[in-house]
file run.json (JSON, C-alpha atoms and all ligand atoms)
[["chain", "number", "residue", "atom", "x", "y", "z"],
["A", 251, "MET", "CA", 11.52, -7.67, 1.49],
["A", 252, "SER", "CA", 9.03, -9.89, 3.29],
["A", 253, "GLU", "CA", 7.35, -12.42, 0.99],
["A", 254, "ASP", "CA", 3.77, -12.04, 2.22],
["A", 255, "CYS", "CA", 3.83, -8.29, 2.93],
["A", 256, "ILE", "CA", 1.46, -6.17, 0.82],
["A", 257, "PHE", "CA", 3.53, -3.00, 1.28],
["A", 258, "CYS", "CA", 6.77, -4.80, 0.27],
["A", 259, "LYS", "CA", 4.90, -5.82, -2.90],
["A", 260, "ILE", "CA", 3.97, -2.17, -3.55],
["A", 261, "ILE", "CA", 7.64, -1.16, -3.16],
["A", 262, "ALA", "CA", 8.65, -3.97, -5.54],
["A", 263, "LYS", "CA", 5.89, -2.81, -7.95],
["A", 264, "GLU", "CA", 4.34, -6.29, -7.84],
["A", 265, "ILE", "CA", 0.97, -4.74, -6.96],
["A", 266, "PRO", "CA", -0.20, -1.31, -8.14],
["A", 267, "ALA", "CA", -0.41, 1.82, -6.03],
["A", 268, "GLU", "CA", -0.48, 5.53, -6.73],
["A", 269, "ILE", "CA", 3.11, 6.23, -5.75],
["A", 270, "LEU", "CA", 3.78, 9.93, -5.12],
["A", 271, "TYR", "CA", 7.37, 9.75, -3.95],
["A", 272, "SER", "CA", 10.15, 7.21, -3.68],
["A", 273, "ASP", "CA", 13.84, 7.21, -2.97],
["A", 274, "GLU", "CA", 16.33, 4.60, -1.80],
["A", 275, "ARG", "CA", 14.94, 4.68, 1.74],
["A", 276, "VAL", "CA", 11.19, 5.41, 1.63],
["A", 277, "THR", "CA", 8.09, 5.18, -0.58],
["A", 278, "ALA", "CA", 4.86, 7.20, -0.33],
["A", 279, "PHE", "CA", 1.53, 6.29, -1.93],
["A", 280, "ARG", "CA", -2.17, 7.08, -1.59],
["A", 281, "ASP", "CA", -4.17, 5.00, 0.88],
["A", 282, "ILE", "CA", -6.59, 2.68, -0.94],
["A", 283, "GLU", "CA", -9.41, 3.54, 1.52],
["A", 284, "PRO", "CA", -8.91, 7.24, 2.22],
["A", 285, "ALA", "CA", -10.21, 8.50, 5.56],
["A", 286, "ALA", "CA", -9.75, 12.14, 4.46],
["A", 287, "PRO", "CA", -9.40, 14.01, 1.13],
["A", 288, "VAL", "CA", -5.63, 13.59, 1.48],
["A", 289, "HIS", "CA", -4.59, 10.24, 2.91],
["A", 290, "ILE", "CA", -1.08, 9.13, 2.07],
["A", 291, "LEU", "CA", 1.10, 6.44, 3.58],
["A", 292, "VAL", "CA", 4.83, 6.95, 3.94],
["A", 293, "ILE", "CA", 6.73, 3.72, 4.51],
["A", 294, "PRO", "CA", 10.35, 2.59, 4.84],
["A", 295, "ASN", "CA", 11.58, 0.44, 1.95],
["A", 296, "LYS", "CA", 13.14, -1.81, 4.58],
["A", 297, "HIS", "CA", 10.59, -4.24, 6.04],
["A", 298, "ILE", "CA", 10.12, -3.21, 9.66],
["A", 299, "PRO", "CA", 6.87, -4.78, 10.99],
["A", 300, "SER", "CA", 6.02, -2.02, 13.47],
["A", 301, "MET", "CA", 7.49, 0.67, 15.73],
["A", 302, "ASN", "CA", 8.14, -2.16, 18.21],
["A", 303, "GLU", "CA", 10.88, -3.52, 15.96],
["A", 304, "VAL", "CA", 12.62, -0.17, 15.33],
["A", 305, "GLU", "CA", 16.28, -0.20, 16.37],
["A", 306, "GLU", "CA", 18.58, 2.70, 17.17],
["A", 307, "GLU", "CA", 20.17, 2.30, 13.73],
["A", 308, "ASP", "CA", 16.75, 3.14, 12.19],
["A", 309, "GLU", "CA", 16.46, 6.56, 13.83],
["A", 310, "LYS", "CA", 17.51, 8.49, 10.70],
["A", 311, "LEU", "CA", 15.14, 6.42, 8.58],
["A", 312, "ILE", "CA", 12.21, 7.19, 10.90],
["A", 313, "GLY", "CA", 13.11, 10.88, 10.80],
["A", 314, "HIS", "CA", 13.19, 10.70, 7.00],
["A", 315, "LEU", "CA", 9.59, 9.40, 6.96],
["A", 316, "PHE", "CA", 8.55, 12.62, 8.68],
["A", 317, "THR", "CA", 10.49, 15.00, 6.41],
["A", 318, "VAL", "CA", 9.12, 13.24, 3.31],
["A", 319, "ALA", "CA", 5.59, 13.50, 4.78],
["A", 320, "LYS", "CA", 6.16, 17.23, 5.35],
["A", 321, "LYS", "CA", 7.27, 17.73, 1.73],
["A", 322, "ILE", "CA", 4.24, 15.84, 0.43],
["A", 323, "ALA", "CA", 1.94, 17.93, 2.65],
["A", 324, "ILE", "CA", 3.35, 21.05, 0.95],
["A", 325, "GLU", "CA", 2.91, 19.50, -2.52],
["A", 326, "GLU", "CA", -0.68, 18.50, -1.68],
["A", 327, "GLY", "CA", -1.39, 22.09, -0.59],
["A", 328, "ILE", "CA", -2.36, 21.26, 2.99],
["A", 329, "ALA", "CA", 0.76, 22.34, 4.91],
["A", 330, "GLU", "CA", -0.57, 25.76, 5.92],
["A", 331, "ARG", "CA", -4.07, 24.52, 6.77],
["A", 332, "GLY", "CA", -2.70, 21.72, 8.87],
["A", 333, "TYR", "CA", -2.68, 17.97, 8.77],
["A", 334, "ARG", "CA", -2.15, 14.93, 10.95],
["A", 335, "LEU", "CA", 0.67, 12.40, 11.03],
["A", 336, "THR", "CA", -0.17, 9.19, 12.84],
["A", 337, "MET", "CA", 1.38, 5.80, 13.30],
["A", 338, "ASN", "CA", -0.65, 2.89, 14.63],
["A", 339, "VAL", "CA", 1.34, 0.33, 16.59],
["A", 340, "GLY", "CA", 0.13, -3.21, 17.16],
["A", 341, "LYS", "CA", -3.39, -4.60, 17.35],
["A", 342, "GLU", "CA", -4.71, -2.34, 20.12],
["A", 343, "GLY", "CA", -3.10, 0.63, 18.38],
["A", 344, "GLY", "CA", -5.21, -0.11, 15.32],
["A", 345, "GLN", "CA", -2.40, -1.45, 13.12],
["A", 346, "VAL", "CA", -3.68, -3.74, 10.39],
["A", 347, "VAL", "CA", -0.74, -3.86, 7.97],
["A", 348, "PHE", "CA", 2.45, -5.00, 9.67],
["A", 349, "HIS", "CA", 4.92, -2.97, 7.65],
["A", 350, "LEU", "CA", 5.60, 0.25, 9.55],
["A", 351, "HIS", "CA", 3.86, 3.27, 8.02],
["A", 352, "LEU", "CA", 3.11, 6.89, 8.73],
["A", 353, "HIS", "CA", -0.37, 8.14, 7.83],
["A", 354, "LEU", "CA", -0.52, 11.67, 6.39],
["A", 355, "LEU", "CA", -4.11, 12.90, 6.71],
["A", 356, "GLY", "CA", -5.62, 16.23, 5.77],
["A", 357, "GLY", "CA", -7.69, 18.31, 3.39],
["A", 358, "LYS", "CA", -10.56, 18.78, 5.86],
["A", 359, "PRO", "CA", -10.87, 19.70, 9.53],
["A", 360, "LEU", "CA", -9.98, 16.50, 11.36],
["A", 361, "ARG", "CA", -11.85, 15.47, 14.46],
["A", 362, "VAL", "CA", -9.87, 15.64, 17.65],
["A", 363, "HIS", "CA", -9.98, 12.24, 19.30],
["A", 364, "LYS", "CA", -10.50, 11.96, 23.02],
["A", 365, "TYR", "CA", -9.06, 8.63, 24.01],
["B", 401, "LIG", "P1", -3.05, 0.61, 9.68],
["B", 401, "LIG", "O1", -4.42, 0.38, 10.22],
["B", 401, "LIG", "O2", -2.32, 1.72, 10.40],
["B", 401, "LIG", "O3", -2.24, -0.65, 9.60],
["B", 401, "LIG", "O4", -3.26, 1.16, 8.23],
["B", 401, "LIG", "C1", -3.18, 0.37, 7.08],
["B", 401, "LIG", "C2", -3.65, 1.22, 5.94],
["B", 401, "LIG", "O5", -3.22, 0.61, 4.73],
["B", 401, "LIG", "C3", -5.17, 1.37, 5.84],
["B", 401, "LIG", "O6", -5.52, 2.77, 5.91],
["B", 401, "LIG", "C4", -5.52, 0.75, 4.49],
["B", 401, "LIG", "O7", -6.57, 1.40, 3.84],
["B", 401, "LIG", "C5", -4.20, 0.86, 3.75],
["B", 401, "LIG", "N1", -3.99, -0.12, 2.69],
["B", 401, "LIG", "C6", -4.14, -1.46, 2.76],
["B", 401, "LIG", "N2", -3.84, -2.04, 1.58],
["B", 401, "LIG", "C7", -3.47, -1.02, 0.74],
["B", 401, "LIG", "C8", -3.06, -0.98, -0.61],
["B", 401, "LIG", "N3", -2.95, -2.09, -1.37],
["B", 401, "LIG", "N4", -2.77, 0.22, -1.17],
["B", 401, "LIG", "C9", -2.89, 1.35, -0.42],
["B", 401, "LIG", "N5", -3.27, 1.37, 0.87],
["B", 401, "LIG", "C10", -3.57, 0.19, 1.45]]
call {"tool": "encode", "arguments": {"input": "run.json", "output": "structure tokens", "more": "lines below"}}
Ligand code: AMP
result
Amino acid sequence: MSEDCIFCKIIAKEIPAEILYSDERVTAFRDIEPAAPVHILVIPNKHIPSMNEVEEEDEKLIGHLFTVAKKIAIEEGIAERGYRLTMNVGKEGGQVVFHLHLHLLGGKPLRVHKY
């Protein structure tokens, strides 16, 4: 737990969120400013600031984020239609909250970005 981290506070239930899934390793909740009809964040319970701080010992945890996201996509009814999983890393990657998180986006045709 990091004292001034908003996502750690959501995990600790110190601030409210619409939590859809949680286990001993990860928590998933709806994004407060959805960019698509389905916009869910899947985060590790362990405070890892970004992908840059991921260690080899975290590999299973990172894989678990993806399998939980897949299960939620099925529950949300968007698995067959398709969806997007993205992770922003660092300032130029568009990361604003420095607690690693996977965005699950879907429920409408998503624009294909040309970078
Ligand atoms: P990123 O730009 O990848 O760091 O994404 C951070 C995401 O966290 C944004 O999509 C925000 O809308 C979302 N967010 C920030 N604060 C909260 C919160 N209290 N509850 C849910 N989502 C949040």
call {"tool": "residues_around", "arguments": {"input": "run.json", "residues": "Cys255 (chain A)", "least_positions_apart": "3", "cutoff": "12 Å", "atoms": "all atoms listed in the file", "output": "list in words"}}
result
Met251, Ser252, Cys258, Lys259, Ile260, Ile261, Ala262, Glu264, Ile265, Asn295, Lys296, His297, Ile298, Pro299, Val346, Val347, Phe348, His349 and Leu350 of chain A
call {"tool": "write_last_selection", "arguments": {"input": "run.json", "atoms": "C-alpha atoms", "output": "compact mmCIF listing (two decimals), in the frame of the given file"}}
result
# COMPACT_ATOMS: atom_id res chain seq x y z
CA MET A 251 11.52 -7.67 1.49
CA SER A 252 9.03 -9.89 3.29
CA CYS A 258 6.77 -4.80 0.27
CA LYS A 259 4.90 -5.82 -2.90
CA ILE A 260 3.97 -2.17 -3.55
CA ILE A 261 7.64 -1.16 -3.16
CA ALA A 262 8.65 -3.97 -5.54
CA GLU A 264 4.34 -6.29 -7.84
CA ILE A 265 0.97 -4.74 -6.96
CA ASN A 295 11.58 0.44 1.95
CA LYS A 296 13.14 -1.81 4.58
CA HIS A 297 10.59 -4.24 6.04
CA ILE A 298 10.12 -3.21 9.66
CA PRO A 299 6.87 -4.78 10.99
CA VAL A 346 -3.68 -3.74 10.39
CA VAL A 347 -0.74 -3.86 7.97
CA PHE A 348 2.45 -5.00 9.67
CA HIS A 349 4.92 -2.97 7.65
CA LEU A 350 5.60 0.25 9.55
call {"tool": "closest_residue", "arguments": {"input": "run.json", "among": "A:Met337, A:Ile322, A:Leu315, A:Ile269", "to": "His353 (chain A)", "atoms": "all atoms listed in the file"}}
result
A:Met337
call {"tool": "residues_around", "arguments": {"input": "run.json", "residues": "region 325-331 of chain A", "least_positions_apart": "2", "cutoff": "9 Å", "atoms": "all atoms listed in the file", "output": "compact mmCIF listing (two decimals) with C-alpha atoms, in the frame of the given file"}}
result
# COMPACT_ATOMS: atom_id res chain seq x y z
CA VAL A 288 -5.63 13.59 1.48
CA LYS A 320 6.16 17.23 5.35
CA LYS A 321 7.27 17.73 1.73
CA ILE A 322 4.24 15.84 0.43
CA ALA A 323 1.94 17.93 2.65
CA TYR A 333 -2.68 17.97 8.77
CA GLY A 356 -5.62 16.23 5.77
CA GLY A 357 -7.69 18.31 3.39
CA LYS A 358 -10.56 18.78 5.86
CA PRO A 359 -10.87 19.70 9.53
call {"tool": "residues_near_ligand", "arguments": {"input": "run.json", "ligand": "ligand LIG 401 (chain B)", "cutoff": "6 Å", "atoms": "only C-alpha atoms and all ligand atoms", "output": "ChimeraX atom specification"}}
result
/A:267,280-283,338,344-347
call {"tool": "closest_residue", "arguments": {"input": "run.json", "among": "A:Ile256, A:Gly340, A:Phe316, A:Ser272", "to": "Ser300 (chain A)", "atoms": "all atoms listed in the file"}}
result
A:Gly340
call {"tool": "atom_distance", "arguments": {"input": "run.json", "atom1": "CA of Lys364 (chain A)", "atom2": "CA of Val292 (chain A)"}}
result
25.0 Å
call {"tool": "closest_residue", "arguments": {"input": "run.json", "among": "A:Glu306, A:Glu253, A:Glu274, A:Glu268", "to": "Pro294 (chain A)", "atoms": "all atoms listed in the file"}}
result
A:Glu274
call {"tool": "atom_distance", "arguments": {"input": "run.json", "atom1": "CA of Pro266 (chain A)", "atom2": "CA of Asp308 (chain A)"}}
result
26.8 Å
call {"tool": "atom_distance", "arguments": {"input": "run.json", "atom1": "CA of Glu309 (chain A)", "atom2": "CA of Phe279 (chain A)"}}
result
21.7 Å
call {"tool": "residues_around", "arguments": {"input": "run.json", "residues": "region 311-314 of chain A", "least_positions_apart": "6", "cutoff": "9 Å", "atoms": "only C-alpha atoms", "output": "list in words"}}
result
Arg275, Val276, Pro294 and Val304 of chain A
